[in-house]
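Coordinates from input-v7.tsv are shown below (TSV, C-alpha atoms).
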```
chain	number	residue	atom	x	y	z
L	23	MET	CA	109.19	104.00	162.16
L	24	THR	CA	105.91	104.34	160.27
L	25	THR	CA	102.84	105.20	162.39
L	26	LYS	CA	99.40	103.81	161.70
L	27	ASN	CA	98.23	107.27	160.54
L	28	GLN	CA	101.07	107.58	158.08
L	29	ALA	CA	100.40	104.11	156.77
L	30	ALA	CA	96.64	104.83	156.35
L	31	ARG	CA	97.06	108.22	154.62
L	32	PRO	CA	96.77	107.77	150.87
L	33	ARG	CA	99.66	109.10	148.79
L	34	ALA	CA	98.77	112.14	146.63
L	35	ALA	CA	98.60	111.13	143.01
L	36	THR	CA	101.40	112.56	140.92
L	37	PRO	CA	99.84	114.46	138.02
L	38	LYS	CA	100.75	113.09	134.62
L	39	LYS	CA	103.21	115.29	132.82
L	40	PHE	CA	101.94	117.09	129.72
L	41	PRO	CA	103.12	115.12	126.68
L	42	VAL	CA	105.19	117.93	125.21
L	43	LEU	CA	107.11	115.90	122.67
L	44	PRO	CA	104.12	114.01	121.26
L	45	VAL	CA	102.03	117.18	120.99
L	46	VAL	CA	104.75	119.33	119.45
L	47	GLY	CA	105.93	116.47	117.28
L	48	GLY	CA	102.37	115.78	116.20
L	49	ILE	CA	101.82	119.38	115.13
L	50	VAL	CA	105.07	119.34	113.14
L	51	VAL	CA	104.25	116.05	111.44
L	52	VAL	CA	100.72	117.11	110.50
L	53	ALA	CA	102.00	120.45	109.20
L	54	LEU	CA	104.63	118.67	107.11
L	55	LEU	CA	102.09	116.24	105.67
L	56	VAL	CA	99.71	119.05	104.74
L	57	THR	CA	102.56	120.99	103.18
L	58	ILE	CA	103.69	118.04	101.08
L	59	LEU	CA	100.16	117.23	99.97
L	60	LEU	CA	99.26	120.78	99.02
L	61	THR	CA	102.47	122.09	97.51
L	62	PHE	CA	104.10	119.17	95.77
L	63	SER	CA	103.82	119.88	92.08
L	64	GLY	CA	105.87	120.18	88.92
L	65	ASN	CA	105.72	123.95	89.03
L	66	SER	CA	109.17	125.35	88.27
L	67	GLY	CA	108.35	128.43	90.34
L	68	ALA	CA	109.04	130.89	87.53
L	69	THR	CA	107.11	134.12	87.95
L	70	GLU	CA	104.32	134.68	85.46
L	71	SER	CA	105.15	137.83	83.50
L	72	GLY	CA	104.95	139.51	80.14
L	73	GLU	CA	107.43	141.16	77.80
L	74	PRO	CA	105.94	144.55	76.99
L	75	THR	CA	107.84	147.24	75.16
L	76	VAL	CA	107.40	150.88	76.06
L	77	THR	CA	108.28	153.84	73.87
L	78	GLY	CA	108.09	157.50	74.73
L	79	ASN	CA	108.74	159.46	77.90
L	80	ALA	CA	107.68	158.07	81.23
L	81	LEU	CA	105.15	160.03	83.22
L	82	PRO	CA	106.17	161.37	86.63
L	83	VAL	CA	105.01	159.33	89.61
L	84	LEU	CA	101.64	160.43	90.95
L	85	GLN	CA	102.30	161.59	94.51
L	86	ASP	CA	98.97	163.22	95.23
L	87	ASN	CA	95.62	162.63	93.56
L	88	ALA	CA	94.83	166.31	93.95
L	89	SER	CA	97.94	167.55	92.18
L	90	ASP	CA	99.10	165.63	89.12
L	91	PRO	CA	102.23	166.82	87.30
L	92	ALA	CA	101.45	164.57	84.33
L	93	ILE	CA	98.32	166.41	83.18
L	94	GLY	CA	98.79	167.52	79.60
L	95	LEU	CA	101.79	165.27	78.99
L	96	PRO	CA	101.73	162.73	76.14
L	97	ILE	CA	101.38	159.13	77.25
L	98	PRO	CA	104.03	156.53	76.47
L	99	GLU	CA	103.08	153.82	74.01
L	100	VAL	CA	102.98	150.19	75.06
L	101	ALA	CA	103.03	147.03	72.98
L	102	GLY	CA	102.38	143.84	74.88
L	103	ALA	CA	100.19	140.79	75.16
L	104	ASP	CA	97.66	139.19	77.44
L	105	PHE	CA	98.06	135.76	79.06
L	106	ALA	CA	96.77	134.04	75.93
L	107	GLY	CA	99.40	135.76	73.83
L	108	ASN	CA	96.97	138.10	72.10
L	109	ARG	CA	98.77	141.31	71.14
L	110	VAL	CA	97.47	144.45	72.80
L	111	THR	CA	98.77	147.92	72.07
L	112	ILE	CA	98.19	151.20	73.85
L	113	ALA	CA	99.09	153.75	71.21
L	114	ARG	CA	98.87	157.45	70.65
L	115	ASP	CA	96.11	156.96	68.09
L	116	GLY	CA	93.87	159.94	68.65
L	117	ARG	CA	91.35	158.02	70.74
L	118	ALA	CA	90.39	158.67	74.34
L	119	LYS	CA	91.36	155.94	76.74
L	120	VAL	CA	90.98	154.75	80.29
L	121	ILE	CA	93.80	152.50	81.49
L	122	VAL	CA	93.55	150.65	84.80
L	123	PHE	CA	96.53	149.03	86.49
L	124	LEU	CA	95.85	146.12	88.83
L	125	ALA	CA	97.97	143.98	91.13
L	126	HIS	CA	96.79	140.45	91.88
L	127	TRP	CA	97.72	140.71	95.58
L	128	CYS	CA	96.00	144.03	96.21
L	129	PRO	CA	92.65	143.56	97.98
L	130	HIS	CA	91.34	146.78	96.43
L	131	CYS	CA	92.08	145.44	92.95
L	132	GLN	CA	90.40	142.17	93.87
L	133	TYR	CA	87.38	144.20	94.92
L	134	GLU	CA	87.49	146.32	91.77
L	135	ALA	CA	87.87	143.52	89.21
L	136	PRO	CA	84.29	142.20	89.16
L	137	ILE	CA	82.95	145.76	89.17
L	138	LEU	CA	84.92	146.55	86.02
L	139	ARG	CA	83.97	143.27	84.41
L	140	ASP	CA	80.28	143.94	85.02
L	141	PHE	CA	80.65	147.51	83.77
L	142	VAL	CA	81.97	146.22	80.45
L	143	ASP	CA	79.46	143.36	80.31
L	144	GLN	CA	76.63	145.84	80.63
L	145	GLY	CA	77.91	147.78	77.62
L	146	LEU	CA	78.50	150.94	79.63
L	147	VAL	CA	81.85	151.84	78.08
L	148	PRO	CA	81.20	154.65	75.58
L	149	ASP	CA	82.04	153.86	71.96
L	150	THR	CA	84.46	156.75	71.80
L	151	VAL	CA	86.54	155.53	74.74
L	152	ASP	CA	88.97	152.60	74.68
L	153	PHE	CA	89.34	150.72	77.96
L	154	TYR	CA	92.60	148.89	78.72
L	155	SER	CA	93.94	147.01	81.70
L	156	VAL	CA	97.47	146.20	82.80
L	157	THR	CA	98.33	143.52	85.33
L	158	THR	CA	101.46	144.63	87.10
L	159	GLY	CA	103.27	144.21	90.42
L	160	ILE	CA	103.31	140.48	89.70
L	161	SER	CA	104.91	138.46	92.48
L	162	ALA	CA	104.89	134.70	92.90
L	163	THR	CA	105.29	135.02	96.66
L	164	ARG	CA	102.27	137.19	97.21
L	165	ASP	CA	98.60	136.45	97.66
L	166	ASN	CA	96.24	135.50	94.83
L	167	TYR	CA	99.00	134.37	92.50
L	168	PRO	CA	99.07	133.69	89.56
L	169	PRO	CA	97.21	136.65	88.10
L	170	SER	CA	96.21	134.62	85.05
L	171	GLU	CA	94.06	132.34	87.21
L	172	TRP	CA	92.64	135.29	89.14
L	173	LEU	CA	91.56	137.10	86.00
L	174	GLU	CA	90.23	133.91	84.45
L	175	ARG	CA	88.11	133.35	87.57
L	176	GLU	CA	86.84	136.89	87.23
L	177	GLY	CA	85.94	136.35	83.58
L	178	TRP	CA	88.17	139.22	82.59
L	179	ASN	CA	86.87	140.96	79.47
L	180	ILE	CA	89.05	144.07	79.22
L	181	PRO	CA	92.01	144.10	76.81
L	182	LEU	CA	94.96	143.21	78.99
L	183	ILE	CA	98.70	143.78	78.92
L	184	VAL	CA	100.82	141.66	81.23
L	185	ASP	CA	103.65	143.68	82.70
L	186	ASP	CA	107.12	142.30	83.24
L	187	THR	CA	108.72	141.55	86.58
L	188	GLY	CA	110.30	145.00	86.56
L	189	ASN	CA	106.88	146.70	86.36
L	190	THR	CA	108.05	148.56	83.26
L	191	VAL	CA	104.58	149.59	82.10
L	192	GLY	CA	103.49	150.63	85.58
L	193	GLU	CA	106.56	152.77	86.05
L	194	ALA	CA	106.18	154.30	82.60
L	195	PHE	CA	102.78	155.62	83.61
L	196	GLY	CA	103.95	156.86	87.03
L	197	LEU	CA	102.10	154.24	89.04
L	198	SER	CA	102.08	154.96	92.77
L	199	ALA	CA	99.40	152.66	94.17
L	200	TYR	CA	96.90	150.06	93.14
L	201	PRO	CA	94.48	150.16	91.48
L	202	PHE	CA	95.85	152.96	89.33
L	203	TRP	CA	93.96	154.83	86.66
L	204	VAL	CA	95.22	156.85	83.71
L	205	ILE	CA	92.65	158.87	81.79
L	206	VAL	CA	93.80	159.88	78.31
L	207	GLY	CA	92.19	162.48	76.09
L	208	PRO	CA	91.70	162.24	72.31
L	209	ASP	CA	94.91	164.28	71.93
L	210	ASP	CA	96.83	161.38	73.57
L	211	THR	CA	97.72	163.46	76.61
L	212	VAL	CA	96.94	162.74	80.23
L	213	LEU	CA	93.62	164.17	81.36
L	214	GLY	CA	94.08	162.84	84.85
L	215	ARG	CA	95.33	159.99	87.00
L	216	LEU	CA	93.95	158.43	90.12
L	217	ALA	CA	95.22	155.97	92.70
L	218	GLY	CA	92.61	153.91	94.50
L	219	ARG	CA	89.48	152.01	93.79
L	220	ILE	CA	86.45	153.49	92.10
L	221	GLU	CA	83.04	152.33	93.21
L	222	ALA	CA	80.53	151.05	90.66
L	223	ASP	CA	78.35	154.14	91.07
L	224	ASN	CA	81.20	156.44	90.03
L	225	LEU	CA	82.40	154.58	86.96
L	226	PRO	CA	79.76	155.98	84.56
L	227	ALA	CA	80.69	159.51	85.52
L	228	LEU	CA	84.36	158.80	84.85
L	229	PHE	CA	83.79	157.28	81.42
L	230	ASP	CA	81.10	159.78	80.43
L	231	GLY	CA	83.48	162.57	81.35
L	232	VAL	CA	86.15	161.10	79.11
L	233	ALA	CA	83.63	160.65	76.31
L	234	ALA	CA	82.60	164.28	76.66
L	235	GLU	CA	86.19	165.27	75.90
L	236	THR	CA	85.93	163.52	72.55
L	237	ALA	CA	82.78	165.45	71.66
L	238	GLY	CA	84.37	168.80	72.46
P	7	MET	CA	107.85	127.77	95.63
P	8	THR	CA	109.86	127.29	98.82
P	9	VAL	CA	108.16	130.31	100.30
P	10	ILE	CA	104.78	128.77	99.58
P	11	ARG	CA	105.85	125.54	101.24
P	12	VAL	CA	107.16	127.31	104.31
P	13	SER	CA	103.98	129.39	104.46
P	14	THR	CA	101.82	126.28	104.18
P	15	PHE	CA	103.80	124.60	106.96
P	16	LEU	CA	103.57	127.61	109.28
P	17	ALA	CA	99.92	128.23	108.44
P	18	THR	CA	99.00	124.62	109.20
P	19	GLY	CA	100.85	124.83	112.50
P	20	ALA	CA	99.05	128.07	113.30
P	21	VAL	CA	95.66	126.51	112.58
P	22	ILE	CA	96.35	123.55	114.87
P	23	LEU	CA	97.78	125.78	117.59
P	24	GLY	CA	94.83	128.13	117.21
P	25	ILE	CA	92.39	125.29	117.77
P	26	LEU	CA	94.30	124.21	120.88
P	27	VAL	CA	94.40	127.77	122.20
P	28	LEU	CA	90.70	128.23	121.56
P	29	ALA	CA	89.97	124.99	123.38
P	30	GLY	CA	92.13	126.12	126.29
P	31	VAL	CA	90.45	129.49	126.53
P	32	LEU	CA	86.99	127.95	126.37
P	33	LEU	CA	87.99	125.49	129.09
P	34	TRP	CA	89.26	128.31	131.28
P	35	LEU	CA	86.00	130.21	130.80
P	36	ALA	CA	83.91	127.13	131.48
P	37	ALA	CA	85.94	126.43	134.61
P	38	ARG	CA	84.55	129.65	136.10
P	39	ILE	CA	81.05	128.18	136.13
P	40	SER	CA	81.32	124.42	135.84
P	41	PRO	CA	82.90	122.16	138.49
P	42	GLY	CA	83.62	119.54	135.85
P	43	ALA	CA	85.39	122.04	133.64
P	44	ALA	CA	87.22	123.35	136.70
P	45	ARG	CA	88.56	119.87	137.35
P	46	LEU	CA	89.67	119.55	133.74
P	47	TRP	CA	91.33	122.95	133.90
P	48	GLY	CA	93.03	121.93	137.13
P	49	GLY	CA	94.26	118.77	135.47
P	50	LEU	CA	95.65	120.77	132.56
P	51	VAL	CA	97.38	123.16	134.94
P	52	ASP	CA	98.86	120.32	136.95
P	53	SER	CA	100.13	118.42	133.94
P	54	ALA	CA	101.31	121.31	131.76
P	55	GLY	CA	102.18	123.93	134.34
P	56	GLU	CA	105.83	123.04	134.64
P	57	GLN	CA	106.44	122.88	130.91
P	58	ALA	CA	104.25	125.86	130.05
P	59	PRO	CA	107.09	128.44	130.20
P	60	PHE	CA	109.19	126.26	127.89
P	61	LEU	CA	106.28	125.84	125.48
P	62	ALA	CA	105.63	129.58	125.50
P	63	TRP	CA	109.28	130.18	124.66
P	64	LEU	CA	109.04	127.64	121.84
P	65	VAL	CA	106.07	129.51	120.38
P	66	ALA	CA	107.83	132.87	120.63
P	67	LEU	CA	111.01	131.45	119.11
P	68	THR	CA	109.13	129.87	116.20
P	69	ALA	CA	107.25	133.11	115.56
P	70	THR	CA	110.48	135.11	115.66
P	71	LEU	CA	112.33	132.76	113.34
P	72	GLY	CA	109.36	132.65	110.99
P	73	SER	CA	109.26	136.43	110.89
P	74	LEU	CA	112.97	136.61	110.13
P	75	TYR	CA	112.59	133.99	107.41
P	76	TYR	CA	109.99	136.10	105.67
P	77	SER	CA	112.03	139.29	105.77
P	78	GLU	CA	115.59	137.98	105.36
P	79	VAL	CA	115.07	134.93	103.13
P	80	ALA	CA	111.78	135.51	101.30
P	81	HIS	CA	112.55	139.27	101.17
P	82	PHE	CA	109.08	140.33	102.22
P	83	VAL	CA	109.36	143.92	103.34
P	84	PRO	CA	107.57	144.33	106.69
P	85	CYS	CA	104.83	146.93	106.76
P	86	THR	CA	104.37	149.28	109.72
P	87	PHE	CA	102.12	146.92	111.65
P	88	CYS	CA	104.49	144.03	110.99
P	89	TRP	CA	107.20	146.06	112.71
P	90	TYR	CA	104.97	146.80	115.70
P	91	GLN	CA	104.24	143.09	116.14
P	92	ARG	CA	107.94	142.28	115.82
P	93	ILE	CA	108.65	144.79	118.59
P	94	ALA	CA	106.28	142.81	120.80
P	95	MET	CA	107.37	139.30	119.79
P	96	TYR	CA	111.16	139.47	119.54
P	97	PRO	CA	111.75	140.39	123.21
P	98	LEU	CA	109.38	137.58	124.22
P	99	ALA	CA	111.68	135.04	122.57
P	100	VAL	CA	114.47	136.24	124.86
P	101	ILE	CA	112.53	136.86	128.07
P	102	LEU	CA	110.59	133.59	127.89
P	103	GLY	CA	113.76	131.65	127.17
P	104	ILE	CA	115.50	133.09	130.22
P	105	ALA	CA	112.37	132.64	132.33
P	106	ALA	CA	112.04	129.00	131.32
P	107	PHE	CA	115.71	128.31	132.03
P	108	ARG	CA	115.65	130.08	135.40
P	109	ARG	CA	112.15	128.79	136.30
P	110	ASP	CA	111.29	132.39	137.00
P	111	ARG	CA	107.69	132.57	138.24
P	112	GLU	CA	107.53	136.35	138.05
P	113	ALA	CA	108.39	136.74	134.36
P	114	TRP	CA	104.70	137.00	133.53
P	115	ARG	CA	104.87	140.61	134.71
P	116	PHE	CA	106.98	141.36	131.63
P	117	THR	CA	105.60	138.88	129.14
P	118	VAL	CA	101.86	139.44	129.60
P	119	PRO	CA	101.91	143.15	128.65
P	120	LEU	CA	104.07	142.44	125.59
P	121	ALA	CA	101.92	139.55	124.45
P	122	ALA	CA	98.67	141.41	125.08
P	123	VAL	CA	99.79	144.45	123.10
P	124	GLY	CA	101.11	142.21	120.34
P	125	ALA	CA	97.82	140.32	120.17
P	126	GLY	CA	95.90	143.57	119.85
P	127	LEU	CA	98.15	144.80	117.05
P	128	ALA	CA	97.95	141.48	115.23
P	129	ALA	CA	94.18	141.42	115.54
P	130	TYR	CA	93.88	144.91	114.09
P	131	HIS	CA	96.33	144.10	111.30
P	132	TYR	CA	94.29	141.02	110.39
P	133	LEU	CA	91.14	143.12	110.47
P	134	ILE	CA	92.44	145.61	107.91
P	135	GLN	CA	93.52	142.73	105.71
P	136	GLN	CA	89.98	141.37	105.83
P	137	PHE	CA	88.42	144.81	105.45
P	138	PRO	CA	90.96	146.88	103.48
P	139	ASN	CA	88.61	149.84	103.38
P	140	LEU	CA	89.48	150.49	107.02
P	141	SER	CA	92.95	151.49	105.88
P	142	GLY	CA	92.03	153.50	102.79
P	143	GLY	CA	91.05	152.76	99.18
P	144	ALA	CA	94.36	151.89	97.58
P	145	CYS	CA	97.36	149.60	97.96
P	146	SER	CA	100.54	151.66	98.00
P	147	GLU	CA	103.23	150.36	95.71
P	148	GLY	CA	105.50	149.64	98.63
P	149	VAL	CA	104.16	147.61	101.53
P	150	PRO	CA	100.56	148.35	102.37
P	151	CYS	CA	99.46	146.73	105.60
P	152	SER	CA	96.12	145.83	104.04
P	153	ALA	CA	97.74	143.54	101.50
P	154	ALA	CA	98.71	140.01	102.47
P	155	TYR	CA	102.01	138.43	101.51
P	156	VAL	CA	100.63	135.09	102.67
P	157	TRP	CA	97.05	133.91	102.42
P	158	ARG	CA	96.78	130.17	102.95
P	159	PHE	CA	93.60	128.13	103.24
P	160	GLY	CA	91.60	131.24	102.39
P	161	PHE	CA	92.08	132.92	105.77
P	162	VAL	CA	95.55	132.40	107.27
P	163	SER	CA	97.86	135.39	106.90
P	164	ILE	CA	101.01	136.39	108.76
P	165	PRO	CA	99.13	138.63	111.23
P	166	LEU	CA	96.76	135.77	112.03
P	167	MET	CA	99.73	133.49	112.69
P	168	ALA	CA	101.14	136.19	114.96
P	169	LEU	CA	97.80	136.57	116.76
P	170	VAL	CA	97.65	132.82	117.42
P	171	SER	CA	101.23	132.92	118.73
P	172	PHE	CA	100.54	135.81	121.11
P	173	ALA	CA	97.34	134.11	122.31
P	174	ALA	CA	99.20	130.84	122.88
P	175	ILE	CA	101.84	132.66	124.90
P	176	LEU	CA	99.15	134.32	127.03
P	177	LEU	CA	97.36	131.01	127.63
P	178	LEU	CA	100.57	129.17	128.51
P	179	THR	CA	101.53	132.01	130.85
P	180	ALA	CA	98.15	131.74	132.55
P	181	ILE	CA	98.68	127.99	132.97
P	182	SER	CA	102.14	128.57	134.39
P	183	VAL	CA	100.92	131.20	136.87
P	184	ALA	CA	98.00	129.01	137.92
P	185	HIS	CA	100.38	126.10	138.46
P	186	ALA	CA	102.72	128.23	140.55
P	187	ARG	CA	99.82	129.39	142.74
P	188	ARG	CA	98.54	125.85	143.24
P	189	ALA	CA	102.04	124.73	144.16
P	190	SER	CA	102.41	127.53	146.69
P	191	VAL	CA	99.12	126.74	148.48
P	192	SER	CA	99.28	122.95	148.45
P	193	PRO	CA	100.54	121.37	151.67
```
As structure tokens, what does this structure read like?
Amino acid sequence: MTTKNQAARPRAATPKKFPVLPVVGGIVVVALLVTILLTFSGNSGATESGEPTVTGNALPVLQDNASDPAIGLPIPEVAGADFAGNRVTIARDGRAKVIVFLAHWCPHCQYEAPILRDFVDQGLVPDTVDFYSVTTGISATRDNYPPSEWLEREGWNIPLIVDDTGNTVGEAFGLSAYPFWVIVGPDDTVLGRLAGRIEADNLPALFDGVAAETAG
Amino acid sequence: MTVIRVSTFLATGAVILGILVLAGVLLWLAARISPGAARLWGGLVDSAGEQAPFLAWLVALTATLGSLYYSEVAHFVPCTFCWYQRIAMYPLAVILGIAAFRRDREAWRFTVPLAAVGAGLAAYHYLIQQFPNLSGGACSEGVPCSAAYVWRFGFVSIPLMALVSFAAILLLTAISVAHARRASVSP
């Protein structure tokens, strides 16, 4: 039997249940739509890469910047091309060289690229030193791909060799980290190698030091 | 190309989830000082409290499966910090699943420490991706933690997706605990 008090007491409102399915389903649908809109293209997915050829003995891998087993060893020679198909050759030609190896996904290389571009733009590379770049470690699944678009955005102005998917050129020079530098004397042997980025303030000293070797 | 599509899908989901988590956290903070916000928070707790453990498990499961996709299908090699975050997330997928199935109201004692540690690791990992100098001046040829396998929309990387997941788990756990307390004190 219901008493007057029970009849008068208002029933507690049942809280509405959280709409799990609509919310989760909504997130999935929106994510799918965005994915389709942003990634649908005719791209075959093939990795951008070059077909360089390397001759000569590979340099040992640089394990420690302070102790380089490659100093005094002759560099391998590389024949390759940039993204436009222009032939670029790193040869044992009696000229001092600085070779920088960059990976598109490496944030330190991304930091370094405009510094190097500006250094060249300002005419700071000595006449007796040849400056080369190699884009290596190319991977379609990693950040900042493809490297061709990255370097085009940067206004790349350094003779470039595109490495193959096996990083043949990088391995030939004993690459251990990015960015990677190989300094070559006028006798075509390794003067030194360095792994890591070089700040703008230190670039002149590097290139002037190499140039000094040519005067000696 | 498939990897890019999967990454875009997961990154979009992470962005939406991140916005929801941020809104939830701001609401919780506002509820400390505003009666109106407190009512809204109470409404959220009442409506989502029962399903919160299940939702937290869903987040952990998605994060775990996503992580396994990247390593086992896309063949991304996890860096050291990736492994630390996996150590925090993978057990959550199991514990939260069991807790949701058993309606265990005490599971937060195990899940909160894991999620909090995981969130801290993910936050630091994201930080060194944004500021690589914090982790040195070079990218090792293997798997440097400062380099990003995924970088969608200019800011979403795998550690950020993990951070959002850990934060969502913490928020959903807080909602679940608040709901359990309200249920235990209500007549």
Original post:
When you draw a straight line from atom CA of Gly218 of chain L to atom CA of Gly107 of chain L, how long is it in Å?
Top reply: 28.3 Å
Subject >> Spatial neighbours of segment 116-129 of chain P, 6 Å, all atoms listed in the file, chain gap at least 4 places, as a list in words >> reply: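 Contacts, with the query itself left out: Gln91, Ala94, Pro165, Leu169 and Phe172 of chain P.
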Within 9 Å of chain L: each chain P residue with its shortest pair, all atoms listed in the file, as a Markdown table:
```
| residue | atom | partner | partner_atom | distance |
| --- | --- | --- | --- | --- |
| P:Met7 | CA | L:Gly67 | CA | 5.4 |
| P:Thr8 | CA | L:Gly67 | CA | 8.7 |
| P:Val9 | CA | L:Thr163 | CA | 6.6 |
| P:Ile10 | CA | L:Thr163 | CA | 6.9 |
| P:Arg11 | CA | L:Thr57 | CA | 5.9 |
| P:Val12 | CA | L:Thr57 | CA | 7.9 |
| P:Ser13 | CA | L:Thr57 | CA | 8.6 |
| P:Thr14 | CA | L:Thr57 | CA | 5.4 |
| P:Phe15 | CA | L:Ala53 | CA | 5.0 |
| P:Leu16 | CA | L:Ala53 | CA | 7.3 |
| P:Ala17 | CA | L:Ala53 | CA | 8.1 |
| P:Thr18 | CA | L:Ala53 | CA | 5.1 |
| P:Gly19 | CA | L:Ala53 | CA | 5.6 |
| P:Ile22 | CA | L:Ile49 | CA | 6.9 |
| P:Leu23 | CA | L:Ile49 | CA | 8.0 |
| P:Gly49 | CA | L:Pro37 | CA | 7.5 |
| P:Leu50 | CA | L:Phe40 | CA | 7.8 |
| P:Asp52 | CA | L:Pro37 | CA | 6.0 |
| P:Ser53 | CA | L:Lys39 | CA | 4.5 |
| P:Ala54 | CA | L:Phe40 | CA | 4.7 |
| P:Gly55 | CA | L:Phe40 | CA | 8.3 |
| P:Glu56 | CA | L:Lys39 | CA | 8.4 |
| P:Gln57 | CA | L:Phe40 | CA | 7.4 |
| P:Leu61 | CA | L:Val42 | CA | 8.0 |
| P:Ala80 | CA | L:Thr163 | CA | 8.0 |
| P:Phe82 | CA | L:Thr163 | CA | 8.6 |
| P:Gln135 | CA | L:Pro129 | CA | 7.8 |
| P:Gln136 | CA | L:Pro129 | CA | 8.6 |
| P:Phe137 | CA | L:Pro129 | CA | 8.7 |
| P:Pro138 | CA | L:Pro129 | CA | 6.6 |
| P:Asn139 | CA | L:His130 | CA | 8.1 |
| P:Gly142 | CA | L:Gly218 | CA | 8.3 |
| P:Gly143 | CA | L:Gly218 | CA | 5.1 |
| P:Ala144 | CA | L:Gly218 | CA | 4.1 |
| P:Cys145 | CA | L:Tyr200 | CA | 4.9 |
| P:Ser146 | CA | L:Ala199 | CA | 4.1 |
| P:Glu147 | CA | L:Ala199 | CA | 4.7 |
| P:Gly148 | CA | L:Ala199 | CA | 8.1 |
| P:Pro150 | CA | L:Cys128 | CA | 8.8 |
| P:Ser152 | CA | L:Pro129 | CA | 7.3 |
| P:Ala153 | CA | L:Cys128 | CA | 5.6 |
| P:Ala154 | CA | L:Asp165 | CA | 6.0 |
| P:Tyr155 | CA | L:Arg164 | CA | 4.5 |
| P:Val156 | CA | L:Asp165 | CA | 5.6 |
| P:Trp157 | CA | L:Asp165 | CA | 5.6 |
| P:Arg158 | CA | L:Asp165 | CA | 8.4 |
```
Those same residues - C-alpha atoms - I'd like them written as a PDB file, keeping the file's coordinate frame.
```
ATOM      1  CA  MET P   7     107.850 127.770  95.630  1.00  0.00           C
ATOM      2  CA  THR P   8     109.860 127.290  98.820  1.00  0.00           C
ATOM      3  CA  VAL P   9     108.160 130.310 100.300  1.00  0.00           C
ATOM      4  CA  ILE P  10     104.780 128.770  99.580  1.00  0.00           C
ATOM      5  CA  ARG P  11     105.850 125.540 101.240  1.00  0.00           C
ATOM      6  CA  VAL P  12     107.160 127.310 104.310  1.00  0.00           C
ATOM      7  CA  SER P  13     103.980 129.390 104.460  1.00  0.00           C
ATOM      8  CA  THR P  14     101.820 126.280 104.180  1.00  0.00           C
ATOM      9  CA  PHE P  15     103.800 124.600 106.960  1.00  0.00           C
ATOM     10  CA  LEU P  16     103.570 127.610 109.280  1.00  0.00           C
ATOM     11  CA  ALA P  17      99.920 128.230 108.440  1.00  0.00           C
ATOM     12  CA  THR P  18      99.000 124.620 109.200  1.00  0.00           C
ATOM     13  CA  GLY P  19     100.850 124.830 112.500  1.00  0.00           C
ATOM     14  CA  ILE P  22      96.350 123.550 114.870  1.00  0.00           C
ATOM     15  CA  LEU P  23      97.780 125.780 117.590  1.00  0.00           C
ATOM     16  CA  GLY P  49      94.260 118.770 135.470  1.00  0.00           C
ATOM     17  CA  LEU P  50      95.650 120.770 132.560  1.00  0.00           C
ATOM     18  CA  ASP P  52      98.860 120.320 136.950  1.00  0.00           C
ATOM     19  CA  SER P  53     100.130 118.420 133.940  1.00  0.00           C
ATOM     20  CA  ALA P  54     101.310 121.310 131.760  1.00  0.00           C
ATOM     21  CA  GLY P  55     102.180 123.930 134.340  1.00  0.00           C
ATOM     22  CA  GLU P  56     105.830 123.040 134.640  1.00  0.00           C
ATOM     23  CA  GLN P  57     106.440 122.880 130.910  1.00  0.00           C
ATOM     24  CA  LEU P  61     106.280 125.840 125.480  1.00  0.00           C
ATOM     25  CA  ALA P  80     111.780 135.510 101.300  1.00  0.00           C
ATOM     26  CA  PHE P  82     109.080 140.330 102.220  1.00  0.00           C
ATOM     27  CA  GLN P 135      93.520 142.730 105.710  1.00  0.00           C
ATOM     28  CA  GLN P 136      89.980 141.370 105.830  1.00  0.00           C
ATOM     29  CA  PHE P 137      88.420 144.810 105.450  1.00  0.00           C
ATOM     30  CA  PRO P 138      90.960 146.880 103.480  1.00  0.00           C
ATOM     31  CA  ASN P 139      88.610 149.840 103.380  1.00  0.00           C
ATOM     32  CA  GLY P 142      92.030 153.500 102.790  1.00  0.00           C
ATOM     33  CA  GLY P 143      91.050 152.760  99.180  1.00  0.00           C
ATOM     34  CA  ALA P 144      94.360 151.890  97.580  1.00  0.00           C
ATOM     35  CA  CYS P 145      97.360 149.600  97.960  1.00  0.00           C
ATOM     36  CA  SER P 146     100.540 151.660  98.000  1.00  0.00           C
ATOM     37  CA  GLU P 147     103.230 150.360  95.710  1.00  0.00           C
ATOM     38  CA  GLY P 148     105.500 149.640  98.630  1.00  0.00           C
ATOM     39  CA  PRO P 150     100.560 148.350 102.370  1.00  0.00           C
ATOM     40  CA  SER P 152      96.120 145.830 104.040  1.00  0.00           C
ATOM     41  CA  ALA P 153      97.740 143.540 101.500  1.00  0.00           C
ATOM     42  CA  ALA P 154      98.710 140.010 102.470  1.00  0.00           C
ATOM     43  CA  TYR P 155     102.010 138.430 101.510  1.00  0.00           C
ATOM     44  CA  VAL P 156     100.630 135.090 102.670  1.00  0.00           C
ATOM     45  CA  TRP P 157      97.050 133.910 102.420  1.00  0.00           C
ATOM     46  CA  ARG P 158      96.780 130.170 102.950  1.00  0.00           C
TER      47      ARG P 158
END
```
**OP:** Measure the distance from atom CA of Pro44 of chain L to atom CA of Ser40 of chain P in Å and round it to one decimal.
**Re:**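 So the two atoms, atom CA of Pro44 of chain L and atom CA of Ser40 of chain P, lie 29.0 Å apart.
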**OP:** Within 10 Å of Ala237 of chain L, counting all atoms listed in the file, which residues show up once you throw out same-chain ones fewer than 5 positions away? Write them as an MDAnalysis selection string, please.
**Re:** chainID L and resid 150 208 232
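Excluding Arg187 of chain P itself and same-chain residues fewer than 5 positions from it, the residues having an atom within 12 Å of it are Gly48, Val51, Asp52, Gly55, Glu56, Arg111, Glu112, Ala180, Ile181, Ser182 and Ser192 of chain P, counting all atoms listed in the file.
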